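This is entry.pdb. It holds PDB, C-alpha atoms, pLDDT in the B column.
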```
ATOM      1  CA  MET A   1       0.000   0.000   0.000  1.00 75.00           C
ATOM      2  CA  ILE A   2       1.311   3.466  -0.858  1.00 72.00           C
ATOM      3  CA  HIS A   3       0.144   6.849   0.434  1.00 70.00           C
ATOM      4  CA  LYS A   4       1.091   9.364  -2.260  1.00 71.00           C
ATOM      5  CA  PHE A   5       1.312  12.980  -1.124  1.00 70.00           C
ATOM      6  CA  PRO A   6       2.035  15.931  -3.451  1.00 69.00           C
ATOM      7  CA  LYS A   7       5.817  15.900  -2.825  1.00 69.00           C
ATOM      8  CA  PHE A   8       6.567  12.394  -1.534  1.00 70.00           C
ATOM      9  CA  SER A   9       5.154   8.906  -1.033  1.00 74.00           C
ATOM     10  CA  LEU A  10       4.995   6.602   1.980  1.00 77.00           C
ATOM     11  CA  LYS A  11       5.263   2.880   1.320  1.00 82.00           C
ATOM     12  CA  ILE A  12       3.293   1.237   4.116  1.00 86.00           C
ATOM     13  CA  ASN A  13       4.443  -2.058   5.594  1.00 88.00           C
ATOM     14  CA  LEU A  14       1.160  -3.736   6.527  1.00 90.00           C
ATOM     15  CA  ASN A  15       0.649  -5.968   9.545  1.00 93.00           C
ATOM     16  CA  SER A  16      -1.463  -9.151   9.488  1.00 93.00           C
ATOM     17  CA  SER A  17      -4.600  -7.730  11.137  1.00 93.00           C
ATOM     18  CA  GLU A  18      -8.043  -7.563   9.512  1.00 93.00           C
ATOM     19  CA  THR A  19      -7.792  -3.790   8.961  1.00 94.00           C
ATOM     20  CA  PRO A  20      -5.235  -3.821   6.093  1.00 91.00           C
ATOM     21  CA  LYS A  21      -7.053  -6.759   4.496  1.00 91.00           C
ATOM     22  CA  LYS A  22     -10.203  -4.644   4.231  1.00 92.00           C
ATOM     23  CA  LEU A  23      -8.292  -1.497   3.222  1.00 90.00           C
ATOM     24  CA  ASN A  24      -6.635  -3.459   0.426  1.00 86.00           C
ATOM     25  CA  SER A  25     -10.086  -4.015  -1.070  1.00 87.00           C
ATOM     26  CA  LEU A  26     -10.197  -0.321  -1.950  1.00 84.00           C
ATOM     27  CA  LYS A  27      -9.191   0.782  -5.398  1.00 78.00           C
ATOM     28  CA  ASN A  28      -7.118   3.929  -5.609  1.00 79.00           C
ATOM     29  CA  ILE A  29      -8.826   6.739  -3.677  1.00 82.00           C
ATOM     30  CA  ARG A  30      -8.210  10.470  -3.356  1.00 82.00           C
ATOM     31  CA  SER A  31      -8.941  12.320  -0.158  1.00 84.00           C
ATOM     32  CA  LYS A  32      -8.315  15.722   1.412  1.00 83.00           C
ATOM     33  CA  ILE A  33      -5.689  15.759   4.160  1.00 82.00           C
ATOM     34  CA  ASN A  34      -6.772  17.246   7.483  1.00 84.00           C
ATOM     35  CA  THR A  35      -4.693  17.875  10.589  1.00 84.00           C
ATOM     36  CA  TRP A  36      -5.290  17.867  14.331  1.00 89.00           C
ATOM     37  CA  GLY A  37      -2.180  19.124  16.063  1.00 88.00           C
ATOM     38  CA  ASP A  38       0.604  17.163  14.378  1.00 84.00           C
ATOM     39  CA  GLU A  39      -1.662  14.309  13.314  1.00 87.00           C
ATOM     40  CA  SER A  40      -2.749  14.055   9.684  1.00 85.00           C
ATOM     41  CA  TYR A  41      -5.793  12.130   8.696  1.00 88.00           C
ATOM     42  CA  PHE A  42      -7.907  11.510   5.649  1.00 88.00           C
ATOM     43  CA  GLU A  43     -11.246   9.907   4.953  1.00 91.00           C
ATOM     44  CA  THR A  44     -11.820   6.534   3.315  1.00 91.00           C
ATOM     45  CA  PRO A  45     -15.025   4.915   2.094  1.00 91.00           C
ATOM     46  CA  TYR A  46     -16.990   2.944   4.699  1.00 91.00           C
ATOM     47  CA  LEU A  47     -15.625  -0.615   5.034  1.00 91.00           C
ATOM     48  CA  ALA A  48     -17.299  -1.918   8.220  1.00 92.00           C
ATOM     49  CA  ILE A  49     -13.933  -2.162   9.982  1.00 93.00           C
ATOM     50  CA  LYS A  50     -14.292  -2.946  13.688  1.00 94.00           C
ATOM     51  CA  LEU A  51     -12.025  -1.942  16.572  1.00 94.00           C
ATOM     52  CA  ASP A  52      -9.165  -4.443  16.995  1.00 93.00           C
ATOM     53  CA  GLU A  53      -8.554  -6.037  20.380  1.00 90.00           C
ATOM     54  CA  LYS A  54      -5.032  -4.584  20.244  1.00 89.00           C
ATOM     55  CA  ALA A  55      -6.151  -1.038  19.374  1.00 94.00           C
ATOM     56  CA  TRP A  56      -4.532   1.829  21.268  1.00 92.00           C
ATOM     57  CA  ASP A  57      -4.415   5.607  21.391  1.00 94.00           C
ATOM     58  CA  LEU A  58      -0.682   6.119  22.021  1.00 94.00           C
ATOM     59  CA  ILE A  59       1.366   5.566  18.869  1.00 93.00           C
ATOM     60  CA  THR A  60       4.893   6.070  17.576  1.00 90.00           C
ATOM     61  CA  PHE A  61       5.891   8.309  14.689  1.00 85.00           C
ATOM     62  CA  VAL A  62       6.117   5.549  12.066  1.00 84.00           C
ATOM     63  CA  GLU A  63       2.754   3.883  12.797  1.00 91.00           C
ATOM     64  CA  ILE A  64      -0.274   4.227  10.516  1.00 92.00           C
ATOM     65  CA  THR A  65      -3.705   3.797  12.103  1.00 95.00           C
ATOM     66  CA  TYR A  66      -7.332   3.446  11.110  1.00 95.00           C
ATOM     67  CA  TRP A  67     -10.018   5.197  13.135  1.00 94.00           C
ATOM     68  CA  TYR A  68     -13.001   2.903  12.665  1.00 90.00           C
ATOM     69  CA  ASP A  69     -15.549   5.400  14.074  1.00 89.00           C
ATOM     70  CA  GLY A  70     -14.752   7.997  11.431  1.00 90.00           C
ATOM     71  CA  ASN A  71     -13.513   5.856   8.514  1.00 93.00           C
ATOM     72  CA  LEU A  72     -10.179   7.659   8.662  1.00 93.00           C
ATOM     73  CA  ILE A  73      -6.543   6.747   8.136  1.00 92.00           C
ATOM     74  CA  SER A  74      -4.290   8.713  10.464  1.00 91.00           C
ATOM     75  CA  ILE A  75      -0.575   9.394  10.686  1.00 87.00           C
ATOM     76  CA  GLY A  76       0.701  10.866  13.927  1.00 83.00           C
ATOM     77  CA  PHE A  77       3.929  12.745  13.345  1.00 81.00           C
ATOM     78  CA  GLY A  78       4.011  14.788  16.550  1.00 85.00           C
ATOM     79  CA  ALA A  79       2.006  15.983  19.516  1.00 90.00           C
ATOM     80  CA  THR A  80      -1.778  16.330  19.331  1.00 92.00           C
ATOM     81  CA  PRO A  81      -4.070  18.330  21.635  1.00 95.00           C
ATOM     82  CA  GLU A  82      -4.504  15.074  23.647  1.00 95.00           C
ATOM     83  CA  SER A  83      -0.744  14.550  24.129  1.00 95.00           C
ATOM     84  CA  GLN A  84       0.565  14.980  27.658  1.00 95.00           C
ATOM     85  CA  ASN A  85       3.924  16.332  26.418  1.00 94.00           C
ATOM     86  CA  ASP A  86       5.527  17.382  23.125  1.00 89.00           C
ATOM     87  CA  LYS A  87       7.187  13.990  22.600  1.00 89.00           C
ATOM     88  CA  GLU A  88       3.986  11.946  22.878  1.00 94.00           C
ATOM     89  CA  ILE A  89       1.631  11.113  20.003  1.00 94.00           C
ATOM     90  CA  ARG A  90      -1.731  10.496  21.655  1.00 94.00           C
ATOM     91  CA  LEU A  91      -4.817  10.187  19.475  1.00 93.00           C
ATOM     92  CA  VAL A  92      -8.298  11.199  20.610  1.00 91.00           C
ATOM     93  CA  THR A  93      -9.414   7.563  20.919  1.00 93.00           C
ATOM     94  CA  ARG A  94      -8.147   4.041  20.384  1.00 95.00           C
ATOM     95  CA  THR A  95      -7.386   3.194  16.760  1.00 95.00           C
ATOM     96  CA  ASN A  96      -6.325   0.128  14.802  1.00 97.00           C
ATOM     97  CA  VAL A  97      -2.609   0.230  14.060  1.00 96.00           C
ATOM     98  CA  PHE A  98      -2.360  -1.510  10.704  1.00 94.00           C
ATOM     99  CA  GLY A  99       1.094  -0.666   9.425  1.00 92.00           C
ATOM    100  CA  SER A 100       4.231   1.424   9.572  1.00 90.00           C
ATOM    101  CA  PHE A 101       6.682   3.195   7.297  1.00 84.00           C
ATOM    102  CA  SER A 102      10.411   3.850   7.279  1.00 78.00           C
ATOM    103  CA  SER A 103      11.177   7.311   8.594  1.00 66.00           C
ATOM    104  CA  SER A 104      13.575   9.949   7.353  1.00 57.00           C
ATOM    105  CA  ASP A 105      14.150  13.637   8.127  1.00 52.00           C
ATOM    106  CA  SER A 106      12.825  14.621   4.707  1.00 57.00           C
ATOM    107  CA  ILE A 107       9.551  12.751   5.325  1.00 61.00           C
ATOM    108  CA  SER A 108       9.237  14.268   8.808  1.00 56.00           C
ATOM    109  CA  ASN A 109       9.628  17.777   7.412  1.00 57.00           C
ATOM    110  CA  ALA A 110       7.364  17.180   4.406  1.00 60.00           C
ATOM    111  CA  LEU A 111       4.538  15.809   6.586  1.00 58.00           C
ATOM    112  CA  LYS A 112       4.398  19.050   8.531  1.00 56.00           C
ATOM    113  CA  TYR A 113       3.616  21.138   5.421  1.00 55.00           C
ATOM    114  CA  HIS A 114       0.947  19.175   3.567  1.00 56.00           C
ATOM    115  CA  LYS A 115      -2.228  20.484   5.244  1.00 54.00           C
ATOM    116  CA  ASN A 116      -5.148  20.923   2.837  1.00 53.00           C
ATOM    117  CA  ASN A 117      -3.399  18.965   0.105  1.00 60.00           C
ATOM    118  CA  LYS A 118      -4.715  15.735  -1.332  1.00 60.00           C
ATOM    119  CA  VAL A 119      -3.483  12.204  -0.714  1.00 60.00           C
ATOM    120  CA  VAL A 120      -3.883   9.234  -3.032  1.00 54.00           C
ATOM    121  CA  LEU A 121      -4.104   5.746  -1.574  1.00 56.00           C
ATOM    122  CA  ILE A 122      -2.709   3.201  -4.020  1.00 53.00           C
ATOM    123  CA  ASN A 123      -3.266  -0.529  -3.623  1.00 55.00           C
TER
END
```
Rendering of file as C-alpha cells:
Amino acid sequence: MIHKFPKFSLKINLNSSETPKKLNSLKNIRSKINTWGDESYFETPYLAIKLDEKAWDLITFVEITYWYDGNLISIGFGATPESQNDKEIRLVTRTNVFGSFSSSDSISNALKYHKNNKVVLIN
C-alpha cells in the first residue's frame, strides 16, 4: 500500500490484522488531508472495519492507524491536543494500528507542510 502525497510517497508495511485486508479491497482513492495538532488524517469509504482487540491511542511516529468510528486513516507525526507532552503522540481515541513506514528527516519535514493537500491511496 502506498500513500502518495504531493511531494513524496509513503510505502506502508502492513501488519497481518483484519484492517489492512479490508483497506486493500479499496481501489485507488483520493482524499483531502486534514490535521489535528501534528496528526494528519484523511477519509476513506466505509468498510465496516471494527475496533481491533489490540487497538490503542498512544502511537509512535512511524505507525499508521485506522479510526473505525470515522472511517479515517491517520498518521501521527508529533504531539496532538490530547498529548501529555511534546514527545507523545496520543490520538483522541483508540485506533487500529495496521502498518508502519520507514522514517527519514525529509519525510518528517514534508509531513508538517501538507495540510489541505490531497493524498492518493494506491493498492
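Here the question is which of A:Ser25, A:Lys54, A:Leu14, A:Asp38 gets nearest to Arg90 of chain A using only C-alpha atoms, and that residue is A:Asp38.
What separates atom CA of Phe5 of chain A from atom CA of Phe101 of chain A is a distance of 14.0 Å.
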Determine the residue membership of the PyMOL selection byres ((chain A and resi 70) around 10) for the file above and supply it as number ranges by chain. A: 42-46, 66-69, 71-73
Counting all atoms listed in the file, closest pick from A:Phe8, A:Phe77, A:Met1, A:Ser40 relative to Asn24 of chain A is A:Met1
Hits of the PyMOL selection byres ((chain A and resi 78) around 8) in this structure, as a PyMOL selection string: chain A and resi 37-39+61+76-77+79-80+86-89
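Applied to the file shown here, the PyMOL selection byres ((chain A and resi 53) around 12) selects the residues A:Ser17, A:Glu18, A:Thr19, A:Lys50, A:Leu51, A:Asp52, A:Lys54, A:Ala55, A:Trp56, A:Arg94, A:Thr95, A:Asn96, A:Val97.
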I need the residue nearest Leu10 of chain A from this list: A:Ile49, A:Leu58, A:Ile75, A:Ile33. Use all atoms listed in the file for the distance. A:Ile75
Show which residues sit within 9 Å of Ser100 of chain A, as a list of chain:residue names. Count all atoms listed in the file, and ignore same-chain residues fewer than 6 positions away. A:Lys11, A:Ile12, A:Asn13, A:Leu14, A:Asn15, A:Phe61, A:Val62, A:Glu63, A:Ile64, A:Thr65
Now that the selection is made, can you save its residues with C-alpha atoms as a compact mmCIF listing (two decimals), in the coordinates of the input?
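Once written, result.txt looks like this:
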```
# COMPACT_ATOMS: atom_id res chain seq x y z
CA LYS A 11 5.26 2.88 1.32
CA ILE A 12 3.29 1.24 4.12
CA ASN A 13 4.44 -2.06 5.59
CA LEU A 14 1.16 -3.74 6.53
CA ASN A 15 0.65 -5.97 9.54
CA PHE A 61 5.89 8.31 14.69
CA VAL A 62 6.12 5.55 12.07
CA GLU A 63 2.75 3.88 12.80
CA ILE A 64 -0.27 4.23 10.52
CA THR A 65 -3.70 3.80 12.10
```
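The two atoms in question, atom CA of Pro81 of chain A and atom CA of Ser102 of chain A, are spaced 25.0 Å apart.
Distances from A:Phe98, A:Val92, A:Gln84, A:Lys4 to Ile29 of chain A were compared using all atoms listed in the file, and the smallest one belongs to A:Lys4.
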Padded axis-aligned box of segment 41-57 of chain A (8 Å per side), centre and edge lengths, Å, one decimal, as JSON:
```
{"center_x": -10.9, "center_y": 3.0, "center_z": 11.7, "size_x": 28.9, "size_y": 34.2, "size_z": 35.3}
```
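Going from atom CA of Thr93 of chain A over to atom CA of Asn28 of chain A, you cover 26.9 Å.
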